[in-house]
$ cat final.txt   # compact mmCIF, C-alpha atoms
# COMPACT_ATOMS: atom_id res chain seq x y z
CA ASP A 1 -14.89 -24.96 115.26
CA THR A 2 -18.37 -25.01 116.87
CA ALA A 3 -19.98 -23.83 120.13
CA VAL A 4 -19.82 -27.40 121.44
CA GLU A 5 -16.07 -27.38 120.86
CA ALA A 6 -15.79 -24.02 122.65
CA ALA A 7 -17.89 -25.35 125.53
CA VAL A 8 -15.71 -28.42 125.76
CA ALA A 9 -12.60 -26.22 125.69
CA PHE A 10 -13.92 -24.20 128.63
CA ALA A 11 -14.90 -27.32 130.60
CA ARG A 12 -11.42 -28.74 130.09
CA ALA A 13 -9.74 -25.46 131.07
CA ALA A 14 -11.93 -25.00 134.16
CA GLY A 15 -11.79 -28.60 135.29
CA GLN A 16 -14.56 -31.14 134.99
CA ALA A 17 -17.26 -31.25 137.68
CA PRO A 18 -19.59 -34.17 138.38
CA ALA A 19 -22.77 -34.30 136.30
CA VAL A 20 -26.11 -33.28 137.83
CA VAL A 21 -29.65 -34.38 136.97
CA THR A 22 -31.08 -31.93 134.42
CA GLU A 23 -34.68 -33.18 134.35
CA ALA A 24 -36.99 -34.62 137.01
CA ASP A 25 -40.75 -34.96 137.45
CA GLY A 26 -41.20 -33.77 133.87
CA LEU A 27 -39.42 -30.49 134.60
CA ARG A 28 -36.16 -29.13 133.22
CA LEU A 29 -34.13 -28.18 136.29
CA HIS A 30 -32.22 -24.88 136.61
CA VAL A 31 -28.63 -26.13 136.81
CA SER A 32 -25.77 -23.93 137.96
CA SER A 33 -22.03 -24.29 137.51
CA VAL A 34 -21.32 -21.82 140.32
CA ASN A 35 -23.54 -23.26 143.08
CA SER A 36 -21.97 -26.16 145.00
CA THR A 37 -25.26 -28.11 144.88
CA GLY A 38 -25.29 -27.93 141.08
CA TYR A 39 -28.68 -26.17 141.05
CA ARG A 40 -29.78 -22.56 141.02
CA CYS A 41 -31.33 -21.37 144.33
CA VAL A 42 -30.71 -24.71 146.10
CA TYR A 43 -28.51 -24.62 149.20
CA ALA A 44 -27.12 -27.30 151.52
CA SER A 45 -28.16 -26.81 155.14
CA ASP A 46 -26.16 -27.74 158.23
CA SER A 47 -28.54 -30.68 158.76
CA GLY A 48 -27.40 -32.30 155.52
CA ARG A 49 -30.72 -31.53 153.83
CA PHE A 50 -31.30 -29.01 151.03
CA GLN A 51 -33.27 -25.77 150.98
CA ALA A 52 -34.90 -24.18 147.96
CA ARG A 53 -35.34 -20.41 147.92
CA ARG A 54 -36.59 -17.95 145.32
CA ASP A 55 -36.44 -14.18 144.91
CA VAL A 56 -39.91 -12.65 144.42
CA ASP A 57 -40.10 -8.86 144.02
CA GLY A 58 -36.82 -8.45 145.93
CA ARG A 59 -37.88 -10.72 148.80
CA ASP A 60 -36.26 -14.06 149.62
CA VAL A 61 -39.05 -16.66 149.59
CA PHE A 62 -38.40 -20.00 151.32
CA LEU A 63 -39.76 -22.90 149.23
CA GLY A 64 -38.96 -25.73 151.66
CA THR A 65 -36.36 -28.19 152.94
CA TYR A 66 -35.79 -31.46 151.09
CA ASP A 67 -33.78 -34.65 151.53
CA THR A 68 -31.92 -34.26 148.22
CA ALA A 69 -30.66 -31.42 146.05
CA VAL A 70 -32.74 -32.80 143.16
CA GLU A 71 -35.96 -32.58 145.21
CA ALA A 72 -35.14 -28.97 146.12
CA ALA A 73 -34.32 -28.21 142.47
CA VAL A 74 -37.71 -29.63 141.42
CA ALA A 75 -39.42 -27.34 143.95
CA PHE A 76 -37.55 -24.35 142.53
CA ALA A 77 -38.35 -25.37 138.92
CA ARG A 78 -42.05 -25.62 139.80
CA ALA A 79 -42.00 -22.19 141.47
CA ALA A 80 -39.84 -20.37 138.89
CA GLY A 81 -40.75 -22.11 135.65
CA GLN A 82 -38.64 -24.35 133.49
CA ALA A 83 -35.18 -23.32 132.31
CA PRO A 84 -34.38 -23.33 128.59
CA ALA A 85 -33.05 -26.61 127.20
CA VAL A 86 -29.27 -26.71 126.93
CA VAL A 87 -26.81 -29.55 126.44
CA THR A 88 -25.11 -30.24 129.77
CA GLU A 89 -22.51 -32.81 128.66
CA ALA A 90 -20.36 -33.20 125.54
CA ASP A 91 -17.28 -35.30 124.80
CA GLY A 92 -17.57 -36.83 128.27
CA LEU A 93 -17.30 -33.43 130.00
CA ARG A 94 -19.88 -31.59 132.12
CA LEU A 95 -20.47 -28.20 130.50
CA HIS A 96 -20.74 -25.09 132.66
CA VAL A 97 -24.34 -23.99 132.12
CA SER A 98 -25.65 -20.58 133.12
CA SER A 99 -29.20 -19.43 133.76
CA VAL A 100 -28.16 -15.78 133.38
CA ASN A 101 -26.10 -15.87 130.16
CA SER A 102 -28.15 -15.64 126.94
CA THR A 103 -26.08 -18.43 125.34
CA GLY A 104 -26.96 -20.80 128.21
CA TYR A 105 -23.29 -21.38 129.05
CA ARG A 106 -20.81 -19.75 131.40
CA CYS A 107 -18.00 -17.81 129.67
CA VAL A 108 -19.53 -18.30 126.20
CA TYR A 109 -20.53 -15.21 124.23
CA ALA A 110 -22.30 -14.69 120.91
CA SER A 111 -20.27 -12.61 118.46
CA ASP A 112 -21.62 -10.26 115.79
CA SER A 113 -20.63 -12.84 113.16
CA GLY A 114 -23.17 -15.33 114.56
CA ARG A 115 -20.42 -17.55 115.96
CA PHE A 116 -19.57 -18.09 119.64
CA GLN A 117 -16.48 -17.22 121.65
CA ALA A 118 -15.18 -19.03 124.72
CA ARG A 119 -13.31 -16.86 127.21
CA ARG A 120 -12.00 -17.48 130.70
CA ASP A 121 -10.66 -15.25 133.46
CA VAL A 122 -7.18 -16.35 134.57
CA ASP A 123 -5.52 -14.33 137.33
CA GLY A 124 -7.67 -11.32 136.46
CA ARG A 125 -6.90 -11.51 132.75
CA ASP A 126 -9.46 -12.33 130.03
CA VAL A 127 -8.10 -15.36 128.14
CA PHE A 128 -9.54 -16.10 124.69
CA LEU A 129 -10.08 -19.85 124.17
CA GLY A 130 -11.45 -19.79 120.62
CA THR A 131 -14.35 -19.08 118.27
CA TYR A 132 -16.88 -21.80 117.47
CA ASP A 133 -19.96 -22.35 115.32
CA THR A 134 -22.33 -23.24 118.19
CA ALA A 135 -22.71 -22.29 121.87
CA VAL A 136 -22.36 -25.93 122.94
CA GLU A 137 -18.99 -26.21 121.25
CA ALA A 138 -17.85 -23.03 122.99
CA ALA A 139 -19.06 -24.25 126.41
$ encode --input "final.txt" --output "structure tokens"
Amino acid sequence: DTAVEAAVAFARAAGQAPAVVTEADGLRLHVSSVNSTGYRCVYASDSGRFQARRDVDGRDVFLGTYDTAVEAAVAFARAAGQAPAVVTEADGLRLHVSSVNSTGYRCVYASDSGRFQARRDVDGRDVFLGTYDTAVEAA
């Protein structure tokens, strides 16, 4: 078993979400599996447009309003720097990437053995999905 397999297991268990653009204008975008826009710090406005915001020294900094989520994500990537490269799809599934987890994937954890574990919260219980050789397999 590998991290890709663990990642695929989590994506299957959590339900597949539509794929998002991971690169634009030569930048790697900060994707998010928990934000409805698919991008970190990009929010849909009531007007149907998208806002990009960034936290700077504890202050919410408005980066602008854009016609598409991708345009707003590019603005955030320019302001915040590029996110680390991670695989966002495997076996036809969109993997749940995370900009805050050191493995790069939601619910994927590095173990002391050097392998990766996939875990998921179900009704408040931690459910073990398996141990894999790579983070991508676990995602």
$ residues_near_point --input "final.txt" --point "(-30.6, -26.7, 151.1)" --cutoff "9 Å" --atoms "all atoms listed in the file" --output "list of chain:residue names"
A:Thr37, A:Cys41, A:Val42, A:Tyr43, A:Ala44, A:Ser45, A:Asp46, A:Ser47, A:Gly48, A:Arg49, A:Phe50, A:Gln51, A:Ala52, A:Arg53, A:Gly64, A:Thr65, A:Tyr66, A:Asp67, A:Thr68, A:Ala69, A:Ala72
$ residues_around --input "final.txt" --residues "Val56 of chain A" --least-positions-apart "5" --cutoff "12 Å" --atoms "all atoms listed in the file" --output "list in words"
Val61, Phe62, Leu63, Ala79 and Ala80 of chain A
$ atom_distance --input "final.txt" --atom1 "atom CA of Ser113 of chain A" --atom2 "atom CA of Ser33 of chain A"
26.9 Å
$ closest_residue --input "final.txt" --among "A:Phe76, A:Val136, A:Ser98, A:Tyr109" --to "Asp55 of chain A" --atoms "only C-alpha atoms"
A:Phe76
$ atom_distance --input "final.txt" --atom1 "atom CA of Ser111 of chain A" --atom2 "atom CA of Gly124 of chain A"
22.0 Å
$ residues_around --input "final.txt" --residues "Ser32 of chain A" --least-positions-apart "5" --cutoff "7 Å" --atoms "only C-alpha atoms" --output "count of residues only"
5
$ residues_around --input "final.txt" --residues "Val100 of chain A" --least-positions-apart "4" --cutoff "12 Å" --atoms "all atoms listed in the file" --output "PyMOL selection string"
chain A and resi 30-34+40+83-84+96+104-109
$ atom_distance --input "final.txt" --atom1 "atom CA of Phe128 of chain A" --atom2 "atom CA of Gly92 of chain A"
22.5 Å
$ closest_residue --input "final.txt" --among "A:Glu137, A:Glu89, A:Asp60, A:Glu23" --to "Thr103 of chain A" --atoms "all atoms listed in the file"
A:Glu137
